[in-house]
file coords-v7.cif (mmCIF, C-alpha atoms)
data_input
#
loop_
_atom_site.label_atom_id
_atom_site.label_comp_id
_atom_site.auth_asym_id
_atom_site.auth_seq_id
_atom_site.Cartn_x
_atom_site.Cartn_y
_atom_site.Cartn_z
CA MET Z 204 52.15 20.36 10.48
CA THR Z 205 53.02 18.52 13.67
CA SER Z 206 56.08 16.27 13.95
CA ARG Z 207 53.77 13.24 14.06
CA GLU Z 208 51.98 14.33 10.88
CA ALA Z 209 55.32 14.98 9.18
CA SER Z 210 56.62 11.52 10.07
CA GLU Z 211 53.38 9.88 8.94
CA LYS Z 212 53.54 11.73 5.62
CA GLU Z 213 57.14 10.63 5.13
CA ALA Z 214 56.15 7.03 5.91
CA GLY Z 215 53.36 7.15 3.30
CA ALA Z 216 50.53 7.09 5.83
CA PRO Z 217 47.13 8.33 4.61
CA PRO Z 218 46.50 12.04 5.24
CA PRO Z 219 44.32 12.95 8.23
CA LEU Z 220 40.70 14.00 7.97
CA GLY Z 221 39.86 16.17 10.96
CA ILE Z 222 36.42 15.44 12.40
CA GLY Z 223 34.48 17.90 14.54
CA MET Z 224 31.34 16.52 16.15
CA ILE Z 225 28.47 18.49 17.69
CA GLY Z 226 26.56 16.52 20.32
CA TYR Z 227 27.83 13.84 22.67
CA SER Z 228 24.86 11.85 23.95
CA PHE Z 229 23.43 8.66 22.40
CA MET Z 230 24.17 9.42 18.74
CA GLY Z 231 27.38 11.23 19.62
CA ALA Z 232 28.69 8.11 21.31
CA ALA Z 233 27.64 5.94 18.38
CA HIS Z 234 29.27 8.23 15.81
CA SER Z 235 32.43 8.43 17.94
CA GLN Z 236 32.65 4.65 17.87
CA GLY Z 237 32.44 4.76 14.09
CA TRP Z 238 35.12 7.40 13.64
CA ARG Z 239 37.48 5.75 16.17
CA THR Z 240 37.18 2.31 14.59
CA ALA Z 241 36.85 2.75 10.83
CA GLY Z 242 40.53 3.35 10.12
CA HIS Z 243 41.58 0.40 12.28
CA VAL Z 244 39.38 -2.04 10.34
CA PHE Z 245 39.37 -0.74 6.77
CA ASP Z 246 42.30 0.48 4.68
CA LEU Z 247 41.04 4.02 4.25
CA PRO Z 248 42.50 6.64 1.89
CA MET Z 249 42.29 9.21 4.72
CA ARG Z 250 42.73 8.75 8.48
CA PRO Z 251 39.84 10.06 10.62
CA HIS Z 252 41.22 12.28 13.37
CA LEU Z 253 38.82 13.06 16.22
CA ALA Z 254 39.81 16.72 16.46
CA ALA Z 255 37.07 18.24 18.61
CA ILE Z 256 33.67 17.57 20.13
CA CYS Z 257 31.14 20.24 21.05
CA GLY Z 258 28.42 20.58 23.67
CA ARG Z 259 26.91 23.43 25.72
CA ASP Z 260 27.87 22.04 29.16
CA GLU Z 261 31.62 22.65 29.57
CA THR Z 262 32.11 20.00 32.26
CA ALA Z 263 30.00 17.36 30.52
CA VAL Z 264 31.55 17.87 27.08
CA ALA Z 265 35.08 17.73 28.53
CA LYS Z 266 34.17 14.44 30.19
CA ALA Z 267 32.68 13.15 26.93
CA ALA Z 268 35.81 14.15 25.00
CA ASP Z 269 37.96 12.14 27.37
CA LYS Z 270 35.64 9.12 27.35
CA LEU Z 271 34.95 9.04 23.62
CA GLY Z 272 38.48 9.80 22.42
CA TRP Z 273 38.30 13.39 21.16
CA ALA Z 274 41.40 15.58 21.25
CA ALA Z 275 39.61 18.79 22.29
CA ALA Z 276 36.25 20.14 23.45
CA GLU Z 277 34.26 23.24 22.50
CA THR Z 278 31.10 24.77 23.95
CA ASP Z 279 30.03 26.78 20.88
CA TRP Z 280 29.45 25.01 17.58
CA ARG Z 281 30.56 28.10 15.69
CA ASP Z 282 33.99 27.81 17.31
CA LEU Z 283 34.16 24.16 16.30
CA ILE Z 284 33.35 24.98 12.67
CA ALA Z 285 36.03 27.68 12.66
CA ARG Z 286 38.81 25.31 13.75
CA ASP Z 287 41.54 24.78 11.17
CA ASP Z 288 41.94 21.12 12.21
CA VAL Z 289 38.29 20.32 11.39
CA GLN Z 290 37.52 19.42 7.78
CA LEU Z 291 34.27 17.52 8.42
CA VAL Z 292 31.45 18.53 10.76
CA ASP Z 293 29.33 15.68 12.19
CA ILE Z 294 25.95 16.90 13.49
CA CYS Z 295 24.41 14.78 16.27
CA THR Z 296 22.07 17.39 17.77
CA PRO Z 297 18.25 17.57 17.97
CA GLY Z 298 16.60 18.35 14.65
CA ASP Z 299 15.83 21.99 15.38
CA SER Z 300 19.51 22.92 14.95
CA HIS Z 301 20.39 20.75 11.93
CA ALA Z 302 19.73 23.32 9.24
CA GLU Z 303 21.55 26.23 10.89
CA ILE Z 304 24.65 24.19 11.72
CA ALA Z 305 24.84 22.28 8.43
CA ILE Z 306 24.44 25.38 6.27
CA ALA Z 307 27.05 27.29 8.29
CA ALA Z 308 29.50 24.38 8.08
CA LEU Z 309 29.07 23.99 4.32
CA GLU Z 310 29.49 27.72 3.76
CA ALA Z 311 32.68 27.56 5.85
CA GLY Z 312 34.12 24.98 3.45
CA LYS Z 313 33.54 21.87 5.58
CA HIS Z 314 32.17 18.47 4.62
CA VAL Z 315 29.04 17.56 6.61
CA LEU Z 316 27.48 14.43 8.06
CA CYS Z 317 24.05 15.12 9.56
CA GLU Z 318 21.99 12.70 11.63
CA LYS Z 319 18.47 11.79 10.51
CA PRO Z 320 15.91 13.10 10.01
CA LEU Z 321 17.64 15.74 7.94
CA ALA Z 322 15.53 18.58 9.37
CA ASN Z 323 12.31 19.39 11.20
CA SER Z 324 10.51 20.67 8.11
CA VAL Z 325 10.55 20.45 4.34
CA ALA Z 326 11.54 24.13 4.09
CA GLU Z 327 14.60 23.56 6.28
CA ALA Z 328 15.56 20.44 4.33
CA GLU Z 329 15.23 22.31 1.04
CA ALA Z 330 17.56 25.04 2.33
CA MET Z 331 20.06 22.38 3.36
CA VAL Z 332 19.93 20.78 -0.08
CA ARG Z 333 20.56 24.15 -1.74
CA ALA Z 334 23.55 24.72 0.53
CA ALA Z 335 24.85 21.22 -0.22
CA GLU Z 336 24.53 21.74 -3.96
CA ALA Z 337 26.42 25.05 -3.76
CA ALA Z 338 29.11 23.45 -1.58
CA ARG Z 339 29.44 20.51 -3.98
CA SER Z 340 30.62 22.88 -6.69
CA ARG Z 341 33.41 23.91 -4.30
CA GLY Z 342 34.35 20.33 -3.45
CA GLN Z 343 32.50 19.87 -0.15
CA LEU Z 344 30.31 16.81 0.34
CA ALA Z 345 27.22 16.30 2.50
CA MET Z 346 25.59 13.07 3.69
CA VAL Z 347 22.66 12.23 5.97
CA GLY Z 348 23.11 9.48 8.54
CA PHE Z 349 20.63 6.71 7.84
CA ASN Z 350 22.86 4.09 9.44
CA TYR Z 351 20.61 1.07 8.86
CA ARG Z 352 21.56 1.12 5.19
CA ARG Z 353 24.96 -0.04 6.45
CA VAL Z 354 23.73 -3.28 8.05
CA PRO Z 355 25.43 -5.89 5.81
CA ALA Z 356 22.22 -7.93 5.46
CA ILE Z 357 20.27 -4.85 4.31
CA ALA Z 358 23.03 -3.83 1.90
CA TYR Z 359 22.99 -7.38 0.53
CA ALA Z 360 19.19 -7.28 0.19
CA ARG Z 361 19.56 -4.15 -1.94
CA LYS Z 362 22.06 -6.02 -4.13
CA LEU Z 363 19.68 -8.96 -4.63
CA ILE Z 364 16.84 -6.60 -5.59
CA GLU Z 365 19.09 -4.69 -7.99
CA GLU Z 366 20.08 -7.98 -9.61
CA GLY Z 367 16.41 -8.74 -10.25
CA ARG Z 368 16.15 -11.71 -7.89
CA LEU Z 369 12.68 -10.57 -6.78
CA GLY Z 370 11.55 -9.29 -10.16
CA ALA Z 371 8.96 -6.52 -10.16
CA LEU Z 372 8.12 -5.49 -6.61
CA ARG Z 373 4.57 -5.91 -5.33
CA HIS Z 374 4.62 -5.22 -1.59
CA VAL Z 375 6.91 -3.48 0.90
CA ARG Z 376 5.99 -3.66 4.60
CA VAL Z 377 8.09 -2.19 7.37
CA THR Z 378 7.55 -1.78 11.11
CA TYR Z 379 9.72 -0.12 13.72
CA LEU Z 380 8.53 -0.77 17.27
CA GLN Z 381 9.96 0.45 20.58
CA ASP Z 382 8.54 0.60 24.10
CA TRP Z 383 10.47 3.27 26.01
CA LEU Z 384 7.42 5.56 26.25
CA VAL Z 385 4.90 2.96 27.47
CA ASP Z 386 5.26 4.30 31.03
CA ALA Z 387 3.07 7.40 31.24
CA GLU Z 388 5.42 8.75 33.93
CA PHE Z 389 8.40 8.88 31.57
CA PRO Z 390 9.53 12.55 31.57
CA LEU Z 391 9.03 15.20 28.93
CA THR Z 392 12.41 15.10 27.15
CA TRP Z 393 13.29 17.05 24.01
CA ARG Z 394 12.15 14.13 21.85
CA LEU Z 395 8.58 14.82 23.01
CA LYS Z 396 8.59 18.51 22.09
CA ARG Z 397 7.74 19.48 18.53
CA GLU Z 398 9.87 22.63 18.61
CA HIS Z 399 12.98 20.47 19.12
CA ALA Z 400 12.16 17.09 17.54
CA GLY Z 401 9.83 18.12 14.71
CA SER Z 402 7.70 15.03 15.24
CA GLY Z 403 7.68 11.97 17.47
CA ALA Z 404 7.78 8.32 16.44
CA LEU Z 405 7.17 9.51 12.88
CA GLY Z 406 10.43 11.45 12.58
CA ASP Z 407 12.47 9.35 15.00
CA LEU Z 408 11.56 5.88 13.70
CA GLY Z 409 9.43 6.56 10.64
CA ALA Z 410 12.28 8.39 8.92
CA HIS Z 411 14.38 5.22 9.10
CA ILE Z 412 11.76 2.92 7.64
CA VAL Z 413 10.74 5.34 4.89
CA ASP Z 414 14.40 5.61 3.88
CA LEU Z 415 14.86 1.83 3.97
CA ALA Z 416 11.76 1.24 1.85
CA GLN Z 417 12.90 3.70 -0.81
CA PHE Z 418 16.53 2.53 -0.64
CA LEU Z 419 15.70 -1.14 -1.06
CA ALA Z 420 13.06 -0.58 -3.72
CA GLY Z 421 15.24 1.93 -5.56
CA GLU Z 422 12.27 4.21 -6.10
CA PRO Z 423 10.39 6.90 -4.17
CA LEU Z 424 7.05 6.85 -2.43
CA VAL Z 425 4.56 8.92 -4.42
CA GLY Z 426 1.63 9.05 -2.01
CA VAL Z 427 0.49 8.05 1.49
CA SER Z 428 -2.61 7.59 3.62
CA ALA Z 429 -1.95 7.96 7.34
CA MET Z 430 -3.11 7.97 10.94
CA ILE Z 431 -1.05 9.29 13.86
CA GLU Z 432 -1.85 9.37 17.57
CA THR Z 433 -0.55 10.74 20.85
CA PHE Z 434 -1.68 8.40 23.63
CA VAL Z 435 -0.12 10.22 26.60
CA ARG Z 436 -0.68 13.95 26.25
CA GLU Z 437 0.88 15.17 29.53
CA ARG Z 438 4.16 13.99 31.06
CA PRO Z 439 6.30 14.98 34.07
CA LEU Z 440 8.79 17.78 33.44
CA LEU Z 441 12.46 16.85 33.64
CA SER Z 442 13.93 17.08 37.12
CA GLY Z 443 17.50 16.46 35.99
CA ALA Z 444 19.58 15.67 32.95
CA SER Z 445 18.47 13.11 30.36
CA ALA Z 446 20.79 10.66 28.61
CA GLY Z 447 19.91 8.57 25.59
CA LEU Z 448 16.44 7.13 26.20
CA SER Z 449 16.49 7.53 29.98
CA ALA Z 450 15.50 10.50 32.16
CA THR Z 451 14.13 11.51 35.57
CA GLY Z 452 10.92 13.48 36.01
CA GLY Z 453 9.44 15.70 38.68
CA VAL Z 454 5.92 16.43 39.94
CA GLU Z 455 4.81 19.14 37.53
CA THR Z 456 3.73 18.14 34.02
CA GLY Z 457 3.82 19.62 30.54
CA PRO Z 458 2.14 18.89 27.19
CA VAL Z 459 3.47 16.30 24.75
CA THR Z 460 3.42 17.98 21.33
CA VAL Z 461 4.50 15.10 19.08
CA ASP Z 462 2.97 11.78 18.05
CA ASP Z 463 3.46 8.52 19.94
CA ALA Z 464 2.65 6.35 16.93
CA ALA Z 465 2.20 6.58 13.17
CA LEU Z 466 0.51 4.07 10.88
CA PHE Z 467 0.39 4.65 7.14
CA THR Z 468 0.15 3.01 3.75
CA GLY Z 469 1.82 4.20 0.59
CA ARG Z 470 2.38 3.65 -3.09
CA LEU Z 471 5.79 3.48 -4.76
CA ALA Z 472 6.46 5.00 -8.16
CA SER Z 473 6.23 1.58 -9.85
CA GLY Z 474 2.81 0.93 -8.34
CA ALA Z 475 4.02 -1.38 -5.59
CA LEU Z 476 2.12 -1.00 -2.31
CA ALA Z 477 3.78 -0.28 1.03
CA SER Z 478 2.75 -0.24 4.68
CA PHE Z 479 4.51 1.33 7.65
CA GLU Z 480 4.11 1.35 11.43
CA ALA Z 481 6.29 3.37 13.80
CA THR Z 482 5.65 3.51 17.53
CA ARG Z 483 7.42 4.02 20.84
CA MET Z 484 4.45 2.47 22.65
CA ALA Z 485 4.80 -1.25 21.77
CA ALA Z 486 5.30 -2.95 25.14
CA GLY Z 487 8.08 -5.53 25.03
CA ARG Z 488 9.62 -4.28 21.78
CA LYS Z 489 12.99 -2.64 22.42
CA ASN Z 490 14.26 -1.91 18.91
CA ALA Z 491 12.21 -4.11 16.62
CA LEU Z 492 12.74 -3.01 13.02
CA ARG Z 493 11.31 -5.59 10.63
CA LEU Z 494 10.76 -5.53 6.90
CA GLU Z 495 9.51 -7.80 4.15
CA ILE Z 496 9.56 -7.22 0.41
CA ASN Z 497 7.52 -9.36 -1.99
CA GLY Z 498 8.19 -9.46 -5.73
CA GLU Z 499 7.03 -11.49 -8.69
CA HIS Z 500 9.97 -13.91 -8.36
CA GLY Z 501 10.52 -14.07 -4.63
CA SER Z 502 10.63 -12.36 -1.24
CA LEU Z 503 13.11 -10.99 1.29
CA ALA Z 504 12.64 -10.48 5.03
CA PHE Z 505 14.84 -8.90 7.71
CA ASP Z 506 14.66 -8.44 11.48
CA LEU Z 507 17.06 -6.02 13.19
CA GLU Z 508 17.03 -8.17 16.32
CA ARG Z 509 18.69 -10.85 14.14
CA LEU Z 510 20.73 -8.43 12.09
CA ASN Z 511 23.27 -10.94 10.75
CA GLU Z 512 20.50 -12.85 8.97
CA LEU Z 513 18.44 -12.34 5.84
CA SER Z 514 15.47 -14.52 4.86
CA PHE Z 515 15.08 -15.22 1.14
CA HIS Z 516 12.39 -17.09 -0.78
CA ASP Z 517 12.92 -18.05 -4.43
CA GLN Z 518 9.53 -18.47 -6.10
CA SER Z 519 11.08 -20.48 -8.96
CA GLU Z 520 11.95 -23.42 -6.71
CA PRO Z 521 9.66 -26.51 -6.71
CA ALA Z 522 6.80 -26.17 -4.26
CA VAL Z 523 7.76 -29.37 -2.43
CA THR Z 524 11.07 -27.82 -1.28
CA ALA Z 525 10.39 -24.11 -1.61
CA GLY Z 526 10.23 -21.76 1.34
CA PHE Z 527 12.11 -19.02 3.11
CA ARG Z 528 15.72 -19.90 3.78
CA ARG Z 529 18.06 -18.27 6.26
CA ILE Z 530 21.14 -16.58 4.81
CA LEU Z 531 23.82 -15.96 7.42
CA VAL Z 532 25.30 -12.68 6.18
CA THR Z 533 28.83 -13.08 7.53
CA GLU Z 534 30.78 -14.18 4.45
CA SER Z 535 33.63 -12.05 3.13
CA GLU Z 536 31.71 -11.69 -0.15
CA HIS Z 537 28.87 -9.91 1.66
CA PRO Z 538 28.95 -6.07 1.89
CA TYR Z 539 31.56 -4.66 4.32
CA LEU Z 540 32.53 -8.07 5.70
CA ASP Z 541 35.84 -8.67 3.92
CA ALA Z 542 37.55 -6.55 6.60
CA TRP Z 543 35.91 -8.12 9.64
CA TRP Z 544 35.90 -11.58 11.22
CA PRO Z 545 35.77 -15.17 9.90
CA PRO Z 546 32.37 -16.42 8.66
CA GLY Z 547 29.82 -16.92 11.42
CA HIS Z 548 31.29 -14.24 13.69
CA GLY Z 549 28.48 -11.69 13.63
CA LEU Z 550 28.47 -7.92 13.84
CA GLY Z 551 26.24 -5.56 15.85
CA TYR Z 552 24.48 -2.19 15.89
CA GLU Z 553 27.65 -0.13 16.41
CA HIS Z 554 29.23 -1.50 13.23
CA THR Z 555 26.72 0.39 11.09
CA PHE Z 556 28.41 3.60 12.21
CA VAL Z 557 31.84 2.21 11.37
CA HIS Z 558 30.58 1.43 7.86
CA GLN Z 559 29.01 4.89 7.62
CA ALA Z 560 32.34 6.52 8.47
CA LYS Z 561 34.16 4.27 5.97
CA ASP Z 562 31.79 5.12 3.12
CA LEU Z 563 31.96 8.86 3.75
CA VAL Z 564 35.76 8.95 4.04
CA GLU Z 565 36.11 7.03 0.79
CA ALA Z 566 33.67 9.38 -0.97
CA ILE Z 567 35.57 12.44 0.24
CA ALA Z 568 38.91 11.01 -0.88
CA ALA Z 569 37.51 10.10 -4.30
CA GLY Z 570 35.44 13.26 -4.71
CA THR Z 571 32.31 11.21 -5.39
CA ASP Z 572 28.81 11.90 -4.10
CA PRO Z 573 28.07 10.01 -0.87
CA ALA Z 574 24.78 8.25 -0.22
CA PRO Z 575 22.33 8.93 1.22
CA SER Z 576 22.61 12.52 0.09
CA PHE Z 577 20.86 15.57 1.51
CA ALA Z 578 18.49 15.23 -1.46
CA ASP Z 579 17.59 11.74 -0.22
CA GLY Z 580 17.00 13.21 3.23
CA LEU Z 581 14.73 15.85 1.69
CA GLN Z 582 12.71 13.13 -0.06
CA VAL Z 583 12.17 11.39 3.29
CA GLN Z 584 11.15 14.73 4.82
CA ARG Z 585 8.57 15.21 2.07
CA VAL Z 586 7.09 11.79 2.82
CA LEU Z 587 6.92 12.59 6.56
CA ALA Z 588 5.18 15.89 5.79
CA ALA Z 589 2.67 14.09 3.55
CA VAL Z 590 1.99 11.60 6.37
CA GLU Z 591 1.17 14.42 8.78
CA ASP Z 592 -0.94 16.18 6.15
CA SER Z 593 -2.89 12.99 5.44
CA ALA Z 594 -3.46 12.31 9.14
CA GLU Z 595 -4.82 15.84 9.64
CA LYS Z 596 -7.30 15.19 6.81
CA ASN Z 597 -8.71 11.93 8.21
CA ALA Z 598 -6.25 9.67 6.33
CA ILE Z 599 -7.04 11.04 2.87
CA TYR Z 600 -4.57 9.84 0.22
CA THR Z 601 -1.93 12.56 -0.08
CA PRO Z 602 0.59 12.78 -2.94
CA VAL Z 603 4.28 13.22 -2.12
CA PRO Z 604 5.94 15.95 -4.23
CA ALA Z 605 8.11 14.34 -6.89
CA PRO Z 606 11.85 14.29 -6.09
CA SER Z 607 14.40 15.53 -8.61
CA GLY Z 608 15.81 12.00 -8.94
CA THR Z 609 15.52 8.48 -7.54
CA PRO Z 610 17.03 7.64 -4.14
CA SER Z 611 20.76 6.99 -4.27
#

call {"tool": "encode", "arguments": {"input": "coords-v7.cif", "output": "structure tokens"}}
result
Amino acid sequence: MTSREASEKEAGAPPPLGIGMIGYSFMGAAHSQGWRTAGHVFDLPMRPHLAAICGRDETAVAKAADKLGWAAAETDWRDLIARDDVQLVDICTPGDSHAEIAIAALEAGKHVLCEKPLANSVAEAEAMVRAAEAARSRGQLAMVGFNYRRVPAIAYARKLIEEGRLGALRHVRVTYLQDWLVDAEFPLTWRLKREHAGSGALGDLGAHIVDLAQFLAGEPLVGVSAMIETFVRERPLLSGASAGLSATGGVETGPVTVDDAALFTGRLASGALASFEATRMAAGRKNALRLEINGEHGSLAFDLERLNELSFHDQSEPAVTAGFRRILVTESEHPYLDAWWPPGHGLGYEHTFVHQAKDLVEAIAAGTDPAPSFADGLQVQRVLAAVEDSAEKNAIYTPVPAPSGTPS
């Protein structure tokens, strides 16, 4: 124990929770923001300590550690897992490494946070769930990072649905539209290679909207009918490093092996109908995630580009005054907002990662199961697999294997 830790313990400060993060690009930066900030905003039972960050490029990861606030840097994820000052491993790597890293971390006695989608295949996700279940019996917890659940307006929408404000659900429609691949000269990054990403817009964006649909409805999708398409099948090879959603290409080209867009319908366990669209080819749409849920007593609508707002229609109101009304989700009574700013002072994208860190730290301290669990991630993976299966069979309706329980 260091002298600082000893003095903090004597002063009654919360014990540290050592975080080790693998990956330092777009998601690594976002997760770092969450870990750095959570303990300064919320009164947490444990204090996140950014112990070490890992990446293969020694110079780049050292620079990232300094910029993002990590105490140390590693170039081998196995060395990071082995560190005594790391109790939780945060996985922000491409999907092809999720299973290997997560299983190794759980077997080493570490808690795990893994970015979505949980894996690149159902088989990998199933292995991760088995490892998580075995680790749970030893006291280790595992969570998958579907951060949009932590938007206060979406969390509040879930509360309204749970309270029965919409009654029985009839329709769920969700779209997630981006445009960063519209340019056919955008280079062939790892996100466009099936061996690394698993799938394209389907896994990258579709995973989010499938999870949101099941989370808000409180029930799983039981079947889908789908079409997927790759519009640009050859792209320039990388001529340098890529960062986030930007990259530089050369003259030679290579094949795109993932989808550019996915369009599918589905049925929820209750019989409610759902529709989904995920694309990275919607010109002018930067990060347009929109959803609407219609029930027998009312409707809810949300737009990520106006993420502090929720639209609500109460069907019981007189027709002469009825209609969608705007709820500004910034009151202290709304989810997460009692620790933030006065009403009307909105939050942003990065705050979802702060809330994610808060929820996981509290679950670890209490020994309770965090949500979404690896089992929830597996359920999403089963839906994605059914979408691809349906698309290969000319959009034939394809059942989704039943999960062991409802989404948490």

call {"tool": "residues_around", "arguments": {"input": "coords-v7.cif", "residues": "stretch 248-264 of chain Z", "least_positions_apart": "2", "cutoff": "6 Å", "atoms": "all atoms listed in the file", "output": "CSV table (one decimal) with C-alpha atoms, keeping the file's coordinate frame"}}
result
chain,number,residue,atom,x,y,z
Z,217,PRO,CA,47.1,8.3,4.6
Z,218,PRO,CA,46.5,12.0,5.2
Z,219,PRO,CA,44.3,13.0,8.2
Z,220,LEU,CA,40.7,14.0,8.0
Z,221,GLY,CA,39.9,16.2,11.0
Z,222,ILE,CA,36.4,15.4,12.4
Z,223,GLY,CA,34.5,17.9,14.5
Z,224,MET,CA,31.3,16.5,16.2
Z,225,ILE,CA,28.5,18.5,17.7
Z,226,GLY,CA,26.6,16.5,20.3
Z,266,LYS,CA,34.2,14.4,30.2
Z,267,ALA,CA,32.7,13.2,26.9
Z,273,TRP,CA,38.3,13.4,21.2
Z,274,ALA,CA,41.4,15.6,21.2
Z,275,ALA,CA,39.6,18.8,22.3
Z,276,ALA,CA,36.2,20.1,23.4
Z,277,GLU,CA,34.3,23.2,22.5
Z,278,THR,CA,31.1,24.8,24.0

call {"tool": "resolve_selection", "arguments": {"input": "coords-v7.cif", "expression": "the PyMOL selection byres ((chain Z and resi 355-368) around 8)", "output": "PyMOL selection string"}}
result
chain Z and resi 351-354+369-371+418-420+500-501+503+505+510-513+517+532+537-540

call {"tool": "residues_around", "arguments": {"input": "coords-v7.cif", "residues": "stretch 472-474 of chain Z", "least_positions_apart": "6", "cutoff": "10 Å", "atoms": "only C-alpha atoms", "output": "number ranges by chain"}}
result
Z: 371-374, 417, 420-426, 605, 609

call {"tool": "atom_distance", "arguments": {"input": "coords-v7.cif", "atom1": "atom CA of Z:Gly312", "atom2": "atom CA of Z:Gln584"}}
result
25.2 Å

call {"tool": "resolve_selection", "arguments": {"input": "coords-v7.cif", "expression": "the PyMOL selection byres ((chain Z and resi 348) around 6)", "output": "PyMOL selection string"}}
result
chain Z and resi 317-319+347+349-350

call {"tool": "resolve_selection", "arguments": {"input": "coords-v7.cif", "expression": "the PyMOL selection byres ((chain Z and resi 320-328) around 7)", "output": "ChimeraX atom specification"}}
result
/Z:298-299,301-302,317-319,329-332,347,400-401,406,410,580-581,584-585

call {"tool": "closest_residue", "arguments": {"input": "coords-v7.cif", "among": "Z:Ile599, Z:Leu291, Z:Leu283, Z:Ala578", "to": "Z:Glu336", "atoms": "only C-alpha atoms"}}
result
Z:Ala578

call {"tool": "residues_near_point", "arguments": {"input": "coords-v7.cif", "point": "(9.4, -19.3, -7.4)", "cutoff": "12 Å", "atoms": "all atoms listed in the file", "output": "list in words"}}
result
Arg368, Leu369, Gly370, Asn497, Gly498, Glu499, His500, Gly501, Ser502, Phe515, His516, Asp517, Gln518, Ser519, Glu520, Pro521, Ala522, Val523, Thr524, Ala525, Gly526 and Phe527 of chain Z

call {"tool": "closest_residue", "arguments": {"input": "coords-v7.cif", "among": "Z:Leu494, Z:Ile294, Z:Ala233, Z:Ala338", "to": "Z:Glu310", "atoms": "all atoms listed in the file"}}
result
Z:Ala338

call {"tool": "closest_residue", "arguments": {"input": "coords-v7.cif", "among": "Z:Ser235, Z:Thr468, Z:Gln381, Z:Ser300", "to": "Z:Ala481", "atoms": "only C-alpha atoms"}}
result
Z:Gln381

call {"tool": "atom_distance", "arguments": {"input": "coords-v7.cif", "atom1": "atom CA of Z:Pro458", "atom2": "atom CA of Z:Leu408"}}
result
21.0 Å

call {"tool": "atom_distance", "arguments": {"input": "coords-v7.cif", "atom1": "atom CA of Z:Asp288", "atom2": "atom CA of Z:Phe556"}}
result
22.1 Å

call {"tool": "residues_around", "arguments": {"input": "coords-v7.cif", "residues": "Z:Tyr379", "least_positions_apart": "3", "cutoff": "9 Å", "atoms": "only C-alpha atoms", "output": "list in words"}}
result
Leu408, Gly409, His411, Ile412, Phe479, Glu480, Ala481, Thr482, Arg483, Asn490, Ala491, Leu492, Arg493 and Leu494 of chain Z

call {"tool": "closest_residue", "arguments": {"input": "coords-v7.cif", "among": "Z:Gly469, Z:Pro439, Z:Gly547, Z:Pro573", "to": "Z:Val315", "atoms": "all atoms listed in the file"}}
result
Z:Pro573

call {"tool": "closest_residue", "arguments": {"input": "coords-v7.cif", "among": "Z:Ile496, Z:Leu271, Z:Ile567, Z:Leu344", "to": "Z:Gly231", "atoms": "only C-alpha atoms"}}
result
Z:Leu271

call {"tool": "axis_aligned_box", "arguments": {"input": "coords-v7.cif", "around": "stretch 424-431 of chain Z", "padding_each_side": "3 Å", "output": "AutoDock Vina command-line options"}}
result
--center_x 2.0 --center_y 8.1 --center_z 4.7 --size_x 16.2 --size_y 8.4 --size_z 24.3
